[in-house]
Amino acid sequence: MDEHILIVAYDNHLRRTLENQLKKMSYITHSVESGNTMMQFLKLHHADLILLDRKITTKSGVDESEKQGIRNEQIIQTMLDGFILADQQGRILKVNQAYCKMVGYSEAELLQMNIRQMEGKRSAVEIEQWIERLIARGTDQFKTQHIHKSGYTIDLNISISIMKNDGVQLIAAFVHDISEQIKDEAKINQRTKELAAINAIGRQVSRTLSVEEVIAAGIKGMLETVHPDAAFYFHREGDRLILKKFEPLIAKVRMGEVPEHRVGECMCGLAVKHQKAMYSRNIFKDLRCTWNECKKAGSRSFAALPVFSGGEVIGVLGLASDKERDFEERAVFLETLANTIATSLKNAQLYEEIQYHAAQLEDAVRERTAEIQERYDEVERLNSAMEAMTEDLKLAVKKAQSADELKSAFLASMSHELRTPLNSIIGFISIILQGLSGPLNAEQTKQLAMAKSSAMHLLELINDVLDISKIEAGQIIITKEKFPMREAVQKVVTGLIPLAEKKRLHLKYHIAGNLGTLVNDRRRIEQVLVNLINNAIKFTSAGEVRVDCRSENNRIITAVSDTGIGISRKNMTKIFNEFEQLESGLDRKHEGTGLGLSISKKLTKLLGGELTVDSTVGKGSTFTLYLPLK
């Protein structure tokens, strides 16, 4: 059955507050403003409880303050907003749990305190004056701050009424936490200021078509709106980052000589490489910060903002702060500002290019006009020479086609003439080593094993040369079939375990459960995996070789890692070249043709995939094979 509550309230604010709280508790409320109106209501309706701002009575008029006080206490304690009851001296007489939760104090602690201790905005004198005005008016509503037990302040909206209890005036306050609202308003104000700043800087940088002036205006705008200790701009030229502007000059003096940066190095270079902003609160702890100029200058926090033009990064804006600061909190503003500067910068660059090319064009037109007549006769002579050259070219094409046919015939002949007898030699040596032709002494076994190893090495060389020749001639045919990648990886790893055990290495592998199937050339994929794992075993003297295979973003990713000698940065680009070996001369420790990685790289491309390498000298290398699922 629904519970009806009649509110007789002489204070409109108090009445509205009670109505809102009771509705939240699913009560049906009715409000009147006088005792006569109350009696008329009771003649027509039934109410389970009557609430007055001065007294609580049942509809029969019998004072049951103790019973009604319990129910009133339940209402106060279940309110979402806070409630405080205090005397005229500010001593706290009652609070609800909602207020306790707001300020972090227990009810027992608050009952020993004065509202003056909670006030975080007004002085004791101001509070005294306010209480006097409140008693005179009877009600008040205002915004203030109370102090949390932990020490910070809470923004509150407070509605207050003076109540009488047995002739004693008490202060009843309903407290609503507006901290989040204040924060939201602060964010809106901040965003408004940022938009105004972007607009102002946009107008400023758009007033000029000089690249230097645009950069200077952009740096000045950054300093005036974000207030970093230093701001600078690197312009991109290929993989180089050239410093074009640095402000203020005192900061540059502290930093000293700034070397030419590179794409992919330090935070500025990484911002260009990954085409996204980089932020660091403490560059001394940030592994991405590899250059020491900023650290030597005393900078601590840093932001690197890529400057885009037509989808490409043409430069990077840098901001530095001597004190720890979270530039990322203003990421949207900073990156929008960088884009605004980028637009004007590109316009200025285009204008300068147009001016330059216009001048060049004028000079060229003058020169060409003077040469036209002279060149006319030369063109005629060249036409005659061209005809002769065309005939020579036709002859050269025929010779090249003939040479290609001879090469194909040679490769086919070499395949038969070299591989066939080599396989026979290897087979006969294996039979002898097995003792099928009679027992061998230790020296004979040793010599025959060496001969077999040499023959296998020669066969590997022939196979690699044939493979690389076929790839270059476009004779490799990719035969696609549907197969489980799991089986291919397991097959290759299992076949190479004896080779790893021979070097006392651990060959481990892990294949993700949701790997799926590939539609590709299984034999060529296995050939690439054999090359990568065999290479890892070859260049690892201790530790392990690990193969990890997983599916991600419609690709199967297979990583082959080792704990071997590693590859230096200068040799990273060489390892995929044909016949390229990092060791050379007669003192080489590792055998090989220098074709394995080159073949693997080119086969991967034919398979529609990608092969990358990451390595650290002395710690090992990781070759990663990316293959599309379909």
# chains A, B, ... in the order shown; residues from 1 in each chain; ligands from 1

call {"tool": "residues_around", "arguments": {"residues": "Asp562 in chain A", "least_positions_apart": "6", "cutoff": "8 Å", "atoms": "only C-alpha atoms", "output": "CSV table (one decimal) with N, CA and C atoms, in the first residue's frame"}}
result
chain,number,residue,atom,x,y,z
A,536,ALA,N,69.4,-18.9,-36.9
A,536,ALA,CA,69.5,-18.6,-35.5
A,536,ALA,C,70.4,-19.6,-34.7
A,537,ILE,N,70.2,-20.9,-35.1
A,537,ILE,CA,71.1,-21.9,-34.4
A,537,ILE,C,72.5,-21.7,-34.8
A,540,THR,N,74.2,-18.9,-32.8
A,540,THR,CA,74.1,-18.9,-31.3
A,540,THR,C,74.9,-20.0,-30.7
A,543,GLY,N,72.7,-20.8,-24.9
A,543,GLY,CA,71.4,-20.3,-24.6
A,543,GLY,C,70.3,-21.0,-25.3
A,544,GLU,N,69.5,-20.3,-26.0
A,544,GLU,CA,68.3,-20.9,-26.7
A,544,GLU,C,67.9,-20.2,-27.9
A,545,VAL,N,67.1,-20.9,-28.7
A,545,VAL,CA,66.4,-20.4,-29.9
A,545,VAL,C,64.9,-20.6,-29.6
A,546,ARG,N,64.1,-19.6,-29.8
A,546,ARG,CA,62.7,-19.7,-29.5
A,546,ARG,C,61.8,-19.3,-30.7
A,620,GLY,N,71.5,-11.0,-28.9
A,620,GLY,CA,70.7,-11.8,-29.8
A,620,GLY,C,69.8,-11.0,-30.8
A,621,SER,N,69.1,-11.8,-31.6
A,621,SER,CA,68.3,-11.2,-32.7
A,621,SER,C,66.9,-11.8,-32.7
A,622,THR,N,66.0,-11.1,-33.3
A,622,THR,CA,64.6,-11.6,-33.5
A,622,THR,C,64.2,-11.3,-34.9

call {"tool": "closest_residue", "arguments": {"among": "A:Ala173, A:Leu305, A:Gly151, A:Leu319", "to": "Thr225 in chain A", "atoms": "only C-alpha atoms"}}
result
A:Leu319

call {"tool": "atom_distance", "arguments": {"atom1": "CA of Thr494 in chain A", "atom2": "CA of Ala512 in chain A"}}
result
17.2 Å

call {"tool": "residues_around", "arguments": {"residues": "range 480-491 of chain A", "least_positions_apart": "5", "cutoff": "6 Å", "atoms": "only C-alpha atoms", "output": "list in words"}}
result
Thr517, Leu518, Val519, Asn520 and Asp521 of chain A

call {"tool": "residues_around", "arguments": {"residues": "Glu132 in chain A", "least_positions_apart": "3", "cutoff": "12 Å", "atoms": "only C-alpha atoms", "output": "list in words"}}
result
Gln88, Gln89, Gly90, Val125, Glu126, Ile127, Glu128, Gln129, Ile135, Ala136, Arg137, Gly138, Thr139, Asp140, Ile162, Gln169 and Ile171 of chain A

call {"tool": "closest_residue", "arguments": {"among": "A:Asn20, A:Gln77, A:Thr343, A:Thr144", "to": "Val214 in chain A", "atoms": "only C-alpha atoms"}}
result
A:Thr343

call {"tool": "residues_around", "arguments": {"residues": "Val263 in chain A", "least_positions_apart": "4", "cutoff": "6 Å", "atoms": "only C-alpha atoms", "output": "VMD selection string"}}
result
chain A and resid 239 269 273

call {"tool": "write_last_selection", "arguments": {"atoms": "all heavy atoms", "output": "PDB file, in the first residue's frame"}}
result
ATOM      1  N   ASP A 239      65.413  11.752 -43.499  1.00  0.00           N
ATOM      2  CA  ASP A 239      65.536  11.167 -42.160  1.00  0.00           C
ATOM      3  C   ASP A 239      66.204  12.124 -41.183  1.00  0.00           C
ATOM      4  O   ASP A 239      66.456  11.762 -40.032  1.00  0.00           O
ATOM      5  CB  ASP A 239      66.347   9.865 -42.227  1.00  0.00           C
ATOM      6  CG  ASP A 239      65.538   8.736 -42.831  1.00  0.00           C
ATOM      7  OD1 ASP A 239      64.294   8.830 -42.812  1.00  0.00           O
ATOM      8  OD2 ASP A 239      66.145   7.771 -43.330  1.00  0.00           O
ATOM      9  N   GLY A 269      62.368  12.264 -32.716  1.00  0.00           N
ATOM     10  CA  GLY A 269      62.435  11.351 -33.852  1.00  0.00           C
ATOM     11  C   GLY A 269      61.363  10.286 -33.813  1.00  0.00           C
ATOM     12  O   GLY A 269      60.838   9.875 -34.858  1.00  0.00           O
ATOM     13  N   LYS A 273      58.494   9.303 -36.540  1.00  0.00           N
ATOM     14  CA  LYS A 273      58.409   7.933 -37.045  1.00  0.00           C
ATOM     15  C   LYS A 273      57.019   7.346 -36.867  1.00  0.00           C
ATOM     16  O   LYS A 273      56.449   6.750 -37.790  1.00  0.00           O
ATOM     17  CB  LYS A 273      59.439   7.055 -36.333  1.00  0.00           C
ATOM     18  CG  LYS A 273      59.403   5.593 -36.766  1.00  0.00           C
ATOM     19  CD  LYS A 273      60.428   4.770 -36.009  1.00  0.00           C
ATOM     20  CE  LYS A 273      60.345   3.297 -36.422  1.00  0.00           C
ATOM     21  NZ  LYS A 273      61.317   2.474 -35.669  1.00  0.00           N
TER      22      LYS A 273
END

call {"tool": "select_by_dssp", "arguments": {"residues": "range 255-498 of chain A", "states": "alpha helix (DSSP H)", "output": "JSON, numbers by chain"}}
result
{"A": [255, 266, 267, 268, 269, 270, 271, 272, 273, 274, 293, 294, 295, 296, 331, 332, 333, 334, 335, 336, 337, 338, 339, 340, 341, 342, 343, 344, 345, 346, 347, 348, 349, 350, 351, 352, 353, 354, 355, 356, 357, 358, 359, 360, 361, 362, 363, 364, 365, 366, 367, 368, 369, 370, 371, 372, 373, 374, 375, 376, 377, 378, 379, 380, 381, 382, 383, 384, 385, 386, 387, 388, 389, 390, 391, 392, 393, 394, 395, 396, 397, 398, 399, 400, 401, 402, 403, 404, 405, 406, 407, 408, 409, 410, 411, 412, 413, 414, 420, 421, 422, 423, 424, 425, 426, 427, 428, 429, 430, 431, 432, 433, 442, 443, 444, 445, 446, 447, 448, 449, 450, 451, 452, 453, 454, 455, 456, 457, 458, 459, 460, 461, 462, 463, 464, 465, 466, 467, 468, 469, 470, 471, 472, 485, 486, 487, 488, 489, 490, 491, 492, 493, 494, 495, 496, 497, 498]}

call {"tool": "atom_distance", "arguments": {"atom1": "CA of Ile565 in chain A", "atom2": "CA of Lys508 in chain A"}}
result
18.6 Å

call {"tool": "atom_distance", "arguments": {"atom1": "CA of Ile425 in chain A", "atom2": "CA of Leu499 in chain A"}}
result
21.8 Å

call {"tool": "residues_around", "arguments": {"residues": "Asp177 in chain A", "least_positions_apart": "4", "cutoff": "12 Å", "atoms": "only C-alpha atoms", "output": "PyMOL selection string"}}
result
chain A and resi 80-83+98-99+101-103+143-146+153-159+181-183

call {"tool": "select_by_dssp", "arguments": {"residues": "range 481-606 of chain A", "states": "strand (DSSP E)", "output": "PyMOL selection string"}}
result
chain A and resi 481-484+506-511+517-520+544-552+555-562

call {"tool": "residues_around", "arguments": {"residues": "Ser541 in chain A", "least_positions_apart": "4", "cutoff": "8 Å", "atoms": "only C-alpha atoms", "output": "ChimeraX atom specification"}}
result
/A:503,505,537,564

call {"tool": "write_last_selection", "arguments": {"atoms": "N, CA and C atoms", "output": "mmCIF file, in the first residue's frame"}}
result
data_model
loop_
_atom_site.group_PDB
_atom_site.id
_atom_site.type_symbol
_atom_site.label_atom_id
_atom_site.label_comp_id
_atom_site.auth_asym_id
_atom_site.auth_seq_id
_atom_site.Cartn_x
_atom_site.Cartn_y
_atom_site.Cartn_z
ATOM 1 N N LYS A 503 74.502 -28.576 -30.867
ATOM 2 C CA LYS A 503 75.219 -27.421 -30.321
ATOM 3 C C LYS A 503 74.855 -27.176 -28.856
ATOM 4 N N LEU A 505 71.962 -26.486 -27.589
ATOM 5 C CA LEU A 505 71.047 -25.358 -27.472
ATOM 6 C C LEU A 505 69.632 -25.853 -27.213
ATOM 7 N N ILE A 537 70.234 -20.890 -35.076
ATOM 8 C CA ILE A 537 71.069 -21.935 -34.446
ATOM 9 C C ILE A 537 72.531 -21.718 -34.805
ATOM 10 N N GLY A 564 72.085 -15.232 -29.584
ATOM 11 C CA GLY A 564 73.368 -15.303 -30.265
ATOM 12 C C GLY A 564 74.145 -14.010 -30.259
#

call {"tool": "closest_residue", "arguments": {"among": "A:Leu393, A:Ile92, A:Ala559, A:Cys100", "to": "Ile511 in chain A", "atoms": "only C-alpha atoms"}}
result
A:Ala559
